[in-house]
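**Student:** This is the structure I want to talk about, given as structure tokens.
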2 protein chains.
Amino acid sequence: MESQKTYSKMFLEIVGGLRNLIKEEDIKTGGKLPSERELAERMNVGRSTIREALRSLELLGLIETRRGEGTFLADFQKNQFVDVLSGFILQQPTSIRDVRETRKIHEISAIQKICNCSTLQKMPVWNGFLLKIEQHMCIKRIDVIREMIVSTGNRLSLKIWMLLTQYSQVPYGVEMTVEEKNIIRDLLSALVIGDEGKALTSYFNWSERVEGERGEE
Amino acid sequence: MESQKTYSKMFLEIVGGLRNLIKEEDIKTGGKLPSERELAERMNVGRSTIREALRSLELLGLIETRRGEGTFLADFQKNQFVDVLSGFILQQPTSIRDVRETRKIHEISAIQKICNCSTLQKMPVWNGFLLKIEQHMCIKRIDVIREMIVSTGNRLSLKIWMLLTQYSQVPYGVEMTVEEKNIIRDLLSALVIGDEGKALTSYFNWSERVEGERGEE
DNA sequence: ATACTTAAGTGGTCTGACCACTATTCTTTC
DNA sequence: GAAAGAATAGTGGTCAGACCACTTAAGTAT
């Protein structure tokens with residue numbers, strides 16, 4: 001906490017420091033945190049830095065602030081999801097492998113759901129993608145997958161997936177190559193006729209190719 | 001934006017304001033946002049307030065800041081994305097339906113993984129459960145499912161599942177009835193021989209029965 | 001034309017100062 | 001003595017100004 005050496009992202013260290021503080025002082029759900037001024041003094045940083053960290057946690061729903069009263073640990077049940085996910089966001093020890101695998105769980109699930117629901121298969125967006133591929137237009141990797149998860153209508157799954165995507169260190173934001181488009185075309189073609197087996201085969205094929213690009217582990 | 005009336009949570013309005021700004025000015029992925037000082041002036045608030053909002057979005061991964069350069073829209077997709085995320089940010093209650101469905105996504109995924117991995121099929125815990133059923137011993141619903149997810153070794157998936165379970169209002173903590181045990185026995189029997197189809201059929205059968213108990217929606 | 005220096009712009013942080021609100025304490029009053 | 005009201009201290013909310021470190025671009029000297 002006393003590192004303070006113009007380290008870029010000091011407020012992120014404060015976020016971590018707050019986690020420790022909550023743990024060490026055993027602050028329970030609904031319990032009160034030290035005041036901003038006290039935190040600033042204890043951590044040897046300015047109050048504004050403390051506030052930036054607190055505001056971030058507030059937006060995540062982890063804490064609750066009441067003017068004139070103080071800052072409190074947020075309601076338990078209500079924000080558990082965010083808590084877990086933010087735990088990973090805060091670089092806690094979780095292997096990239098788990099993050100990746102969990103992301104894929106949600107992707108596969110979406111494919112399966114679409115293949116077993118004729119309403120979802122008929123959505124125009126799939127043929128839209130196929131058309132784009134036909135015309136060699138630009139499509140990013142993330143676009144197709146995201147649209148699949150969006151189509152399932154499960155917003156929670158979507159939220160989790162989005163968070164996982166940004167931390168799985170897979171180059172999802174780039175455009176697809178010609179080879180990839182061919183695979184995705186197969187995937188979409190299988191999708192619209194509900195051929196789950198073929199769709200998943202294409203997915204795994206594509207997934208391996210994408211992950212292979214940056215073979216770090 | 002000019003409301004500014006000591007309204008508690010001004011920085012939340014800024015978050016919303018930024019979303020509009022991104023949309024209206026059509027700032028693309030990777031595009032540059034106005035500087036903090038300019039934003040402060042345009043929105044008639046102090047720079048520190050702007051920073052609190054920006055830092056929140058940064059922790060969420062929505063934006064990326066580079067000292068000396070500026071603030072950029074993170075590697076995400078357009079307005080659609082920001083809309084969805086900001087929806088959650090604003091504490092929208094996630095529907096029970098989504099929680100349930102997401103929980104099942106993880107459960108199904110675990111079953112599929114076990115059925116496709118002979119190492120997992122050979123784990124003694126499955127026969128242990130079968131033995132307990134045979135001897136009419138007490139087994140809680142949650143025990144079997146949890147063990148399946150534990151066995152996959154994906155700790156992140158396990159954590160998410162545990163939270164969802166706690167939140168999905170399904171009576172997982174109670175003991176299984178005789179009928180349920182029969183279904184679970186089928187499930188486990190299929191599991192240990194890798195019969196994914198049968199295992200899933202049993203799972204869905206069991207799942208419907210359990211959820212039907214408290215037919216709220 | 002190239003290399004170096006300078007300046008401007010930007011995020012990162014700190015300080016101090018108010019404001020608005022809450023809870024506590026201390027009066028005043030009965 | 002007890003209750004009602006007033007002053008006080010503590011807290012989050014916000015702002016303004018000042019540095020610092022870094023990046024980029026413009027300007028200068030070679």
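Please note that chains go A, B, ... in the order of the structure tokens, that every chain numbers its residues from 1, and that ligands are numbered from 1 in the order shown.
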Compute the chain B side of the contact with chain A at 6 Å, counting only C-alpha atoms, and hand it back as a ChimeraX atom specification.

**Tutor:** /B:52,56,98,102,154,156-157

**Student:** With only C-alpha atoms (C1' of nucleotides) counted and 12 Å as the cut-off, give the residues of chain C in contact with chain B, each with its shortest interatomic distance in Å and the pair that gives it, as a Markdown table.

**Tutor:**
| residue | atom | partner | partner_atom | distance |
| --- | --- | --- | --- | --- |
| C:DA8 | C1' | B:Gly68 | CA | 11.1 |
| C:DG9 | C1' | B:Gly68 | CA | 7.6 |
| C:DT10 | C1' | B:Gly68 | CA | 4.4 |
| C:DG11 | C1' | B:Arg67 | CA | 4.4 |
| C:DG12 | C1' | B:Arg67 | CA | 7.8 |
| C:DT13 | C1' | B:Ser48 | CA | 10.8 |
| C:DC14 | C1' | B:Ser48 | CA | 11.9 |
| C:DC19 | C1' | B:Thr6 | CA | 8.7 |
| C:DA20 | C1' | B:Thr6 | CA | 7.5 |
| C:DC21 | C1' | B:Ser8 | CA | 10.3 |

**Student:** Contacts from chain D to chain B, 10 Å maximum, only C-alpha atoms (C1' of nucleotides): show me the residue list as a list in words.

**Tutor:**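 Here they are: DG12, DG13, DT14, DC15, DA16, DA21, DC22, DT23 and DT24 of chain D.
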
**Student:** Write a file of the just-selected residues containing N, CA and C atoms (P, O5', C5', C4', C3', O3' and C1' of nucleotides), as an mmCIF file, in the first residue's frame.

**Tutor:**
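So out_11.cif came out as:
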data_model
loop_
_atom_site.group_PDB
_atom_site.id
_atom_site.type_symbol
_atom_site.label_atom_id
_atom_site.label_comp_id
_atom_site.auth_asym_id
_atom_site.auth_seq_id
_atom_site.Cartn_x
_atom_site.Cartn_y
_atom_site.Cartn_z
ATOM 1 P P DG D 12 -17.363 8.443 4.676
ATOM 2 O "O5'" DG D 12 -18.271 9.070 3.532
ATOM 3 C "C5'" DG D 12 -19.487 8.435 3.187
ATOM 4 C "C4'" DG D 12 -20.344 9.369 2.338
ATOM 5 C "C3'" DG D 12 -19.907 9.494 0.877
ATOM 6 O "O3'" DG D 12 -21.052 9.620 0.069
ATOM 7 C "C1'" DG D 12 -19.879 11.604 1.870
ATOM 8 P P DG D 13 -20.901 9.838 -1.498
ATOM 9 O "O5'" DG D 13 -20.933 11.429 -1.625
ATOM 10 C "C5'" DG D 13 -22.191 12.102 -1.701
ATOM 11 C "C4'" DG D 13 -22.061 13.387 -2.499
ATOM 12 C "C3'" DG D 13 -21.311 13.218 -3.826
ATOM 13 O "O3'" DG D 13 -21.997 13.954 -4.836
ATOM 14 C "C1'" DG D 13 -20.246 14.853 -2.510
ATOM 15 P P DT D 14 -21.411 13.975 -6.298
ATOM 16 O "O5'" DT D 14 -20.538 15.298 -6.307
ATOM 17 C "C5'" DT D 14 -21.167 16.550 -6.117
ATOM 18 C "C4'" DT D 14 -20.140 17.644 -6.072
ATOM 19 C "C3'" DT D 14 -19.221 17.727 -7.296
ATOM 20 O "O3'" DT D 14 -19.656 18.804 -8.105
ATOM 21 C "C1'" DT D 14 -18.076 18.169 -5.224
ATOM 22 P P DC D 15 -18.914 19.072 -9.485
ATOM 23 O "O5'" DC D 15 -17.827 20.141 -9.046
ATOM 24 C "C5'" DC D 15 -18.245 21.289 -8.313
ATOM 25 C "C4'" DC D 15 -17.034 22.052 -7.835
ATOM 26 C "C3'" DC D 15 -16.008 22.353 -8.928
ATOM 27 O "O3'" DC D 15 -15.937 23.744 -9.157
ATOM 28 C "C1'" DC D 15 -14.982 21.558 -6.910
ATOM 29 P P DA D 16 -15.293 24.281 -10.538
ATOM 30 O "O5'" DA D 16 -13.877 24.831 -10.080
ATOM 31 C "C5'" DA D 16 -13.782 25.697 -8.954
ATOM 32 C "C4'" DA D 16 -12.350 25.745 -8.476
ATOM 33 C "C3'" DA D 16 -11.324 25.870 -9.614
ATOM 34 O "O3'" DA D 16 -10.656 27.116 -9.501
ATOM 35 C "C1'" DA D 16 -10.709 24.167 -8.016
ATOM 36 P P DA D 21 7.952 13.114 -11.445
ATOM 37 O "O5'" DA D 21 7.152 12.285 -12.556
ATOM 38 C "C5'" DA D 21 6.288 11.242 -12.151
ATOM 39 C "C4'" DA D 21 5.684 10.566 -13.372
ATOM 40 C "C3'" DA D 21 6.680 10.218 -14.469
ATOM 41 O "O3'" DA D 21 6.377 8.920 -14.970
ATOM 42 C "C1'" DA D 21 4.994 11.601 -15.355
ATOM 43 P P DC D 22 7.380 8.223 -15.966
ATOM 44 O "O5'" DC D 22 6.603 8.311 -17.359
ATOM 45 C "C5'" DC D 22 5.250 7.855 -17.417
ATOM 46 C "C4'" DC D 22 4.552 8.457 -18.616
ATOM 47 C "C3'" DC D 22 5.294 8.273 -19.950
ATOM 48 O "O3'" DC D 22 4.605 7.278 -20.708
ATOM 49 C "C1'" DC D 22 4.283 10.432 -19.732
ATOM 50 P P DT D 23 5.227 6.787 -22.115
ATOM 51 O "O5'" DT D 23 4.474 7.712 -23.169
ATOM 52 C "C5'" DT D 23 3.053 7.644 -23.268
ATOM 53 C "C4'" DT D 23 2.550 8.681 -24.267
ATOM 54 C "C3'" DT D 23 3.186 8.588 -25.654
ATOM 55 O "O3'" DT D 23 2.159 8.353 -26.603
ATOM 56 C "C1'" DT D 23 3.220 10.831 -24.862
ATOM 57 P P DT D 24 2.533 8.007 -28.112
ATOM 58 O "O5'" DT D 24 2.337 9.415 -28.844
ATOM 59 C "C5'" DT D 24 1.132 10.138 -28.621
ATOM 60 C "C4'" DT D 24 1.301 11.573 -29.083
ATOM 61 C "C3'" DT D 24 1.887 11.729 -30.497
ATOM 62 O "O3'" DT D 24 0.908 12.313 -31.329
ATOM 63 C "C1'" DT D 24 2.907 13.227 -28.942
#

**Student:** Using only C-alpha atoms (C1' of nucleotides), which residues sit within 10 Å of Leu33 (chain B) once same-chain residues fewer than 6 positions away are excluded, as a PDB file with N, CA and C atoms, in the first residue's frame?

**Tutor:**
ATOM      1  N   LEU B  18     -21.862   9.665 -20.180  1.00  0.00           N
ATOM      2  CA  LEU B  18     -20.786   9.172 -21.037  1.00  0.00           C
ATOM      3  C   LEU B  18     -21.325   8.188 -22.068  1.00  0.00           C
ATOM      4  N   LEU B  21     -22.889  10.165 -24.741  1.00  0.00           N
ATOM      5  CA  LEU B  21     -21.856  10.830 -25.527  1.00  0.00           C
ATOM      6  C   LEU B  21     -21.234   9.861 -26.524  1.00  0.00           C
ATOM      7  N   ILE B  22     -20.962   8.648 -26.024  1.00  0.00           N
ATOM      8  CA  ILE B  22     -20.359   7.641 -26.900  1.00  0.00           C
ATOM      9  C   ILE B  22     -21.293   7.321 -28.059  1.00  0.00           C
ATOM     10  N   GLU B  25     -21.813  10.682 -30.407  1.00  0.00           N
ATOM     11  CA  GLU B  25     -20.635  11.031 -31.210  1.00  0.00           C
ATOM     12  C   GLU B  25     -20.109   9.821 -31.959  1.00  0.00           C
ATOM     13  N   ILE B  27     -18.587   7.080 -31.140  1.00  0.00           N
ATOM     14  CA  ILE B  27     -17.198   6.703 -30.879  1.00  0.00           C
ATOM     15  C   ILE B  27     -17.059   5.195 -31.028  1.00  0.00           C
ATOM     16  N   LEU B  39     -14.280  16.932 -20.765  1.00  0.00           N
ATOM     17  CA  LEU B  39     -15.533  16.338 -20.292  1.00  0.00           C
ATOM     18  C   LEU B  39     -16.077  17.115 -19.100  1.00  0.00           C
ATOM     19  N   ILE B  63     -13.637   0.971 -20.544  1.00  0.00           N
ATOM     20  CA  ILE B  63     -12.728   1.912 -21.169  1.00  0.00           C
ATOM     21  C   ILE B  63     -11.296   1.565 -20.788  1.00  0.00           C
ATOM     22  N   GLU B  64     -10.402   2.174 -21.501  1.00  0.00           N
ATOM     23  CA  GLU B  64      -8.986   1.926 -21.256  1.00  0.00           C
ATOM     24  C   GLU B  64      -8.290   3.279 -21.238  1.00  0.00           C
ATOM     25  N   THR B  65      -7.480   3.500 -20.247  1.00  0.00           N
ATOM     26  CA  THR B  65      -6.807   4.795 -20.185  1.00  0.00           C
ATOM     27  C   THR B  65      -5.312   4.605 -20.300  1.00  0.00           C
ATOM     28  N   GLY B  70      -4.610   9.366 -23.499  1.00  0.00           N
ATOM     29  CA  GLY B  70      -6.022   9.692 -23.372  1.00  0.00           C
ATOM     30  C   GLY B  70      -6.841   8.508 -22.900  1.00  0.00           C
ATOM     31  N   THR B  71      -8.134   8.636 -23.068  1.00  0.00           N
ATOM     32  CA  THR B  71      -9.065   7.580 -22.660  1.00  0.00           C
ATOM     33  C   THR B  71      -9.724   7.012 -23.903  1.00  0.00           C
ATOM     34  N   PHE B  72      -9.803   5.702 -23.960  1.00  0.00           N
ATOM     35  CA  PHE B  72     -10.297   5.064 -25.166  1.00  0.00           C
ATOM     36  C   PHE B  72     -11.396   4.063 -24.850  1.00  0.00           C
ATOM     37  N   LEU B  73     -12.283   3.915 -25.802  1.00  0.00           N
ATOM     38  CA  LEU B  73     -13.310   2.895 -25.666  1.00  0.00           C
ATOM     39  C   LEU B  73     -12.621   1.542 -25.756  1.00  0.00           C
TER      40      LEU B  73
END

**Student:** What is the distance, in Å and to one decimal place, between CA of Glu147 (chain B) and CA of Val125 (chain B)?

**Tutor:**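 CA of Val125 (chain B) lies 8.0 Å from CA of Glu147 (chain B).
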
**Student:** So that I can check the surroundings of region 181-194 of chain A, please list as a VMD selection string every protein, DNA and RNA residue that reaches within 8 Å of it, counting only C-alpha atoms (C1' of nucleotides) and ignoring chain neighbours fewer than 4 positions away.

**Tutor:** chain A and resid 111 114 to 118 121 to 122 126 130 133 176 to 177 198 to 200 202 to 203 205 to 206

**Student:** Keeping only N, CA and C atoms, write the selected residues as a PDB file, in the first residue's frame.

**Tutor:**
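New file part-v8.pdb:
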ATOM      1  N   ILE A 111     -25.174 -22.292 -28.315  1.00  0.00           N
ATOM      2  CA  ILE A 111     -25.318 -23.025 -29.576  1.00  0.00           C
ATOM      3  C   ILE A 111     -26.348 -24.141 -29.425  1.00  0.00           C
ATOM      4  N   ILE A 114     -29.918 -22.764 -29.265  1.00  0.00           N
ATOM      5  CA  ILE A 114     -30.428 -22.320 -30.558  1.00  0.00           C
ATOM      6  C   ILE A 114     -30.800 -23.509 -31.426  1.00  0.00           C
ATOM      7  N   CYS A 115     -29.954 -24.530 -31.400  1.00  0.00           N
ATOM      8  CA  CYS A 115     -30.207 -25.711 -32.231  1.00  0.00           C
ATOM      9  C   CYS A 115     -31.454 -26.464 -31.795  1.00  0.00           C
ATOM     10  N   ASN A 116     -31.909 -26.214 -30.614  1.00  0.00           N
ATOM     11  CA  ASN A 116     -33.091 -26.912 -30.128  1.00  0.00           C
ATOM     12  C   ASN A 116     -34.304 -25.994 -30.010  1.00  0.00           C
ATOM     13  N   CYS A 117     -34.241 -24.885 -30.686  1.00  0.00           N
ATOM     14  CA  CYS A 117     -35.355 -23.949 -30.640  1.00  0.00           C
ATOM     15  C   CYS A 117     -35.562 -23.340 -32.015  1.00  0.00           C
ATOM     16  N   SER A 118     -36.639 -23.733 -32.667  1.00  0.00           N
ATOM     17  CA  SER A 118     -36.840 -23.300 -34.053  1.00  0.00           C
ATOM     18  C   SER A 118     -37.019 -21.793 -34.147  1.00  0.00           C
ATOM     19  N   GLN A 121     -33.672 -20.366 -34.380  1.00  0.00           N
ATOM     20  CA  GLN A 121     -33.018 -20.679 -35.654  1.00  0.00           C
ATOM     21  C   GLN A 121     -33.481 -19.742 -36.764  1.00  0.00           C
ATOM     22  N   LYS A 122     -34.707 -19.281 -36.642  1.00  0.00           N
ATOM     23  CA  LYS A 122     -35.264 -18.465 -37.732  1.00  0.00           C
ATOM     24  C   LYS A 122     -34.889 -16.999 -37.650  1.00  0.00           C
ATOM     25  N   TRP A 126     -28.779 -14.602 -38.389  1.00  0.00           N
ATOM     26  CA  TRP A 126     -27.860 -15.655 -38.855  1.00  0.00           C
ATOM     27  C   TRP A 126     -27.659 -15.555 -40.359  1.00  0.00           C
ATOM     28  N   LEU A 130     -24.361 -14.853 -42.686  1.00  0.00           N
ATOM     29  CA  LEU A 130     -24.000 -15.672 -43.851  1.00  0.00           C
ATOM     30  C   LEU A 130     -23.837 -14.798 -45.084  1.00  0.00           C
ATOM     31  N   ILE A 133     -20.596 -12.977 -44.954  1.00  0.00           N
ATOM     32  CA  ILE A 133     -19.483 -13.860 -45.302  1.00  0.00           C
ATOM     33  C   ILE A 133     -19.421 -14.036 -46.801  1.00  0.00           C
ATOM     34  N   MET A 176     -12.128 -11.792 -38.767  1.00  0.00           N
ATOM     35  CA  MET A 176     -11.918 -13.197 -39.093  1.00  0.00           C
ATOM     36  C   MET A 176     -11.201 -13.337 -40.437  1.00  0.00           C
ATOM     37  N   THR A 177     -10.382 -14.340 -40.492  1.00  0.00           N
ATOM     38  CA  THR A 177      -9.709 -14.646 -41.755  1.00  0.00           C
ATOM     39  C   THR A 177     -10.680 -15.413 -42.652  1.00  0.00           C
ATOM     40  N   LYS A 198     -23.265 -30.967 -35.903  1.00  0.00           N
ATOM     41  CA  LYS A 198     -22.411 -30.259 -36.867  1.00  0.00           C
ATOM     42  C   LYS A 198     -22.003 -28.888 -36.346  1.00  0.00           C
ATOM     43  N   ALA A 199     -22.934 -28.227 -35.738  1.00  0.00           N
ATOM     44  CA  ALA A 199     -22.645 -26.887 -35.222  1.00  0.00           C
ATOM     45  C   ALA A 199     -21.529 -26.939 -34.191  1.00  0.00           C
ATOM     46  N   LEU A 200     -21.628 -27.894 -33.290  1.00  0.00           N
ATOM     47  CA  LEU A 200     -20.609 -27.990 -32.253  1.00  0.00           C
ATOM     48  C   LEU A 200     -19.259 -28.405 -32.828  1.00  0.00           C
ATOM     49  N   SER A 202     -18.113 -27.686 -35.734  1.00  0.00           N
ATOM     50  CA  SER A 202     -17.544 -26.472 -36.326  1.00  0.00           C
ATOM     51  C   SER A 202     -17.025 -25.535 -35.243  1.00  0.00           C
ATOM     52  N   TYR A 203     -17.791 -25.453 -34.175  1.00  0.00           N
ATOM     53  CA  TYR A 203     -17.385 -24.565 -33.089  1.00  0.00           C
ATOM     54  C   TYR A 203     -16.051 -24.994 -32.494  1.00  0.00           C
ATOM     55  N   ASN A 205     -13.799 -26.793 -33.805  1.00  0.00           N
ATOM     56  CA  ASN A 205     -12.783 -26.588 -34.841  1.00  0.00           C
ATOM     57  C   ASN A 205     -12.306 -25.140 -34.815  1.00  0.00           C
ATOM     58  N   TRP A 206     -13.256 -24.250 -34.815  1.00  0.00           N
ATOM     59  CA  TRP A 206     -12.924 -22.824 -34.820  1.00  0.00           C
ATOM     60  C   TRP A 206     -12.227 -22.410 -33.523  1.00  0.00           C
TER      61      TRP A 206
END
